[in-house]
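Engineer: Handing you this structure, nothing more for now.
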Amino acid sequence: MPNARAVRRAHRRAATAELRNRRRTNREHRDLTERIKVSEFLTILGMEEQDIDRYGSWAGRYIFSEYRAAHHGHQPRQTRKRTKPCKGYPKGRWIKVFIYRLDHPALLAGCAKYKRTAEYVPAA
């Protein structure tokens, strides 16, 4: 007859394996969804590149605030992006930017709130 300790250990091992498999499948599903940066989204809306460079940062702030309001203060995912060349950084520098799902409503809501990008948002 197996002792109680061995039974608990076997149960814990099985539970750990189950959780590991769930994480793997969730990770695969999560990675299938396409995520984009604010600058890419503004390009999709039809903004010119110079306007994106000029107003993209503020549009990102409005989108970020909409996302946080919808998700109880949680932040979206981040990625790194190389900026354009500037003084002291001939190749540009790496900055952290937020990425969002392409179909997330915060993208359109944030752009609609910001007066510089509101004209590019399609009417609902």
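If you're wondering about the labels, chains in the structure tokens are A, B, ... by order shown, residues count from 1 in each chain, ligands from 1 in order shown.
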Would you list the contacts of range 81-84 of chain A as a list in words, taking every protein, DNA or RNA residue within 10 Å and counting only C-alpha atoms, but skipping same-chain residues closer than 4 positions in sequence?
Structural biologist: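 In the requested format, the answer is Lys37, Asp53, Tyr89, Pro90, Lys91, Gly92, Arg93, Trp94, Ile95, Lys96, Val97 and Phe98 of chain A.
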Engineer: Range 27-64 of chain A: which residues are helix (DSSP H, G or I) by DSSP, as an NGL selection string?
Structural biologist: :A and (27-32 or 38-45 or 49-64)
Engineer: For a test of reading the model, state the distance in Å between CA of Thr33 in chain A and CA of Thr16 in chain A, rounded to one decimal.
Structural biologist: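 That distance, rounded to one decimal, is 26.4 Å.
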Engineer: Fewer than 5 positions away in the same chain doesn't count, so skip those; otherwise give me all residues within 10 Å of Ala70 in chain A, counting only C-alpha atoms, as an MDAnalysis selection string.
Structural biologist: chainID A and resid 64:65 105:106
Engineer: Store the residues picked out above, limited to N, CA, C and O atoms, as an mmCIF file, in the first residue's frame.
Structural biologist:
data_model
loop_
_atom_site.group_PDB
_atom_site.id
_atom_site.type_symbol
_atom_site.label_atom_id
_atom_site.label_comp_id
_atom_site.auth_asym_id
_atom_site.auth_seq_id
_atom_site.Cartn_x
_atom_site.Cartn_y
_atom_site.Cartn_z
ATOM 1 N N PHE A 64 -3.526 54.368 -24.964
ATOM 2 C CA PHE A 64 -3.103 53.717 -23.734
ATOM 3 C C PHE A 64 -4.101 53.988 -22.604
ATOM 4 O O PHE A 64 -4.473 53.082 -21.850
ATOM 5 N N SER A 65 -4.574 55.222 -22.493
ATOM 6 C CA SER A 65 -5.530 55.535 -21.432
ATOM 7 C C SER A 65 -6.858 54.799 -21.647
ATOM 8 O O SER A 65 -7.482 54.350 -20.687
ATOM 9 N N PRO A 105 -10.912 47.543 -29.354
ATOM 10 C CA PRO A 105 -11.667 48.789 -29.469
ATOM 11 C C PRO A 105 -10.944 50.019 -28.931
ATOM 12 O O PRO A 105 -11.284 51.151 -29.279
ATOM 13 N N ALA A 106 -9.932 49.833 -28.099
ATOM 14 C CA ALA A 106 -9.199 50.983 -27.547
ATOM 15 C C ALA A 106 -8.460 51.745 -28.643
ATOM 16 O O ALA A 106 -8.252 52.956 -28.518
#
Engineer: Go ahead and compute the interatomic distance for CA of Leu102 in chain A and CA of Gln50 in chain A, in Å to one decimal.
Structural biologist: 22.2 Å
Engineer: For CA of Cys86 in chain A and CA of Glu40 in chain A, determine how far apart the two atoms are, in Å to one decimal place.
Structural biologist: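 Computing it gives 20.9 Å between the two atoms.
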Engineer: Let me make sure I understand: among A:Arg24, A:Gly110, A:His11, A:Tyr120, which one has the smallest atom-to-atom distance to Glu48 in chain A if we use only C-alpha atoms?
Structural biologist: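 Of the candidates, the smallest distance to Glu48 in chain A is held by A:Tyr120.
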Engineer: Which residues, written as a compact mmCIF listing (two decimals) with C-alpha atoms, in the first residue's frame, have at least one atom at most 10 Å from Thr117 in chain A, with only C-alpha atoms counted and residues fewer than 2 positions away on the same chain left out?
Structural biologist:
# COMPACT_ATOMS: atom_id res chain seq x y z
CA LEU A 42 -2.23 55.01 -37.89
CA LEU A 45 -6.08 54.51 -40.99
CA MET A 47 -2.22 59.04 -41.93
CA ASP A 51 1.90 63.22 -39.29
CA ILE A 52 2.50 59.88 -37.61
CA TYR A 55 1.22 63.11 -33.55
CA GLY A 56 1.78 59.38 -33.03
CA TRP A 58 0.13 61.63 -28.28
CA ALA A 59 -2.23 59.29 -30.10
CA LEU A 108 -10.37 53.41 -32.42
CA GLY A 110 -8.27 56.53 -28.39
CA CYS A 111 -7.86 57.87 -31.92
CA ALA A 112 -11.39 59.27 -31.83
CA LYS A 113 -10.65 61.17 -28.61
CA TYR A 114 -7.47 62.80 -29.94
CA LYS A 115 -8.37 65.74 -32.20
CA GLU A 119 -10.62 62.80 -38.68
CA TYR A 120 -9.04 59.49 -39.74
CA VAL A 121 -11.37 57.31 -37.64
Engineer: Run DSSP on the backbone of this structure and report the residues of range 11-117 of chain A it assigns to strand (DSSP E or B), as a VMD selection string.
Structural biologist: chain A and resid 35 to 37 77 to 82 86 89 94 to 101
Engineer: For the residues in that selection, give me N, CA, C and O atoms as a CSV table (one decimal), in the first residue's frame.
Structural biologist:
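After the write, part34.csv holds the following:
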chain,number,residue,atom,x,y,z
A,35,ARG,N,-0.6,41.5,-33.3
A,35,ARG,CA,-0.5,42.7,-32.5
A,35,ARG,C,0.3,43.8,-33.2
A,35,ARG,O,1.2,43.4,-33.9
A,36,ILE,N,-0.2,45.0,-33.1
A,36,ILE,CA,0.4,46.1,-33.9
A,36,ILE,C,0.8,47.2,-33.0
A,36,ILE,O,0.2,47.4,-31.9
A,37,LYS,N,1.7,48.0,-33.5
A,37,LYS,CA,2.1,49.3,-32.8
A,37,LYS,C,1.1,50.4,-33.2
A,37,LYS,O,0.4,50.3,-34.2
A,77,ARG,N,0.8,44.9,-23.7
A,77,ARG,CA,2.1,44.3,-23.9
A,77,ARG,C,3.0,45.4,-24.5
A,77,ARG,O,2.6,46.3,-25.1
A,78,GLN,N,4.3,45.1,-24.3
A,78,GLN,CA,5.3,46.0,-24.9
A,78,GLN,C,6.3,45.3,-25.8
A,78,GLN,O,6.4,44.1,-25.7
A,79,THR,N,6.8,46.1,-26.7
A,79,THR,CA,7.9,45.6,-27.6
A,79,THR,C,8.9,46.7,-27.8
A,79,THR,O,8.7,47.8,-27.3
A,80,ARG,N,10.0,46.4,-28.4
A,80,ARG,CA,11.0,47.5,-28.7
A,80,ARG,C,10.9,47.9,-30.1
A,80,ARG,O,10.7,47.1,-31.0
A,81,LYS,N,11.2,49.2,-30.3
A,81,LYS,CA,11.2,49.7,-31.7
A,81,LYS,C,12.4,50.7,-31.8
A,81,LYS,O,12.7,51.4,-30.9
A,82,ARG,N,13.0,50.6,-33.0
A,82,ARG,CA,14.1,51.5,-33.3
A,82,ARG,C,13.6,52.8,-33.8
A,82,ARG,O,12.8,52.8,-34.8
A,86,CYS,N,18.9,60.3,-35.0
A,86,CYS,CA,18.8,61.6,-34.4
A,86,CYS,C,20.2,62.0,-33.9
A,86,CYS,O,21.1,61.2,-34.0
A,89,TYR,N,22.6,59.6,-32.1
A,89,TYR,CA,22.2,58.2,-32.4
A,89,TYR,C,22.1,58.0,-33.9
A,89,TYR,O,21.0,58.1,-34.4
A,94,TRP,N,16.7,52.4,-29.4
A,94,TRP,CA,15.6,51.5,-29.1
A,94,TRP,C,14.8,52.1,-28.0
A,94,TRP,O,15.3,52.5,-27.0
A,95,ILE,N,13.5,52.1,-28.2
A,95,ILE,CA,12.5,52.5,-27.2
A,95,ILE,C,11.5,51.4,-27.0
A,95,ILE,O,11.3,50.6,-27.9
A,96,LYS,N,10.8,51.5,-25.8
A,96,LYS,CA,9.7,50.5,-25.6
A,96,LYS,C,8.4,51.2,-26.0
A,96,LYS,O,8.2,52.3,-25.7
A,97,VAL,N,7.6,50.4,-26.7
A,97,VAL,CA,6.3,50.9,-27.2
A,97,VAL,C,5.3,49.8,-26.9
A,97,VAL,O,5.6,48.6,-26.7
A,98,PHE,N,4.0,50.2,-26.7
A,98,PHE,CA,3.0,49.3,-26.4
A,98,PHE,C,2.4,48.7,-27.8
A,98,PHE,O,2.4,49.3,-28.8
A,99,ILE,N,2.0,47.4,-27.7
A,99,ILE,CA,1.4,46.8,-28.8
A,99,ILE,C,0.0,46.3,-28.5
A,99,ILE,O,-0.3,46.0,-27.3
A,100,TYR,N,-0.9,46.4,-29.4
A,100,TYR,CA,-2.3,46.1,-29.2
A,100,TYR,C,-2.8,45.1,-30.2
A,100,TYR,O,-2.3,45.0,-31.3
A,101,ARG,N,-3.9,44.3,-29.9
A,101,ARG,CA,-4.5,43.5,-30.9
A,101,ARG,C,-5.1,44.4,-32.0
A,101,ARG,O,-5.6,45.5,-31.7
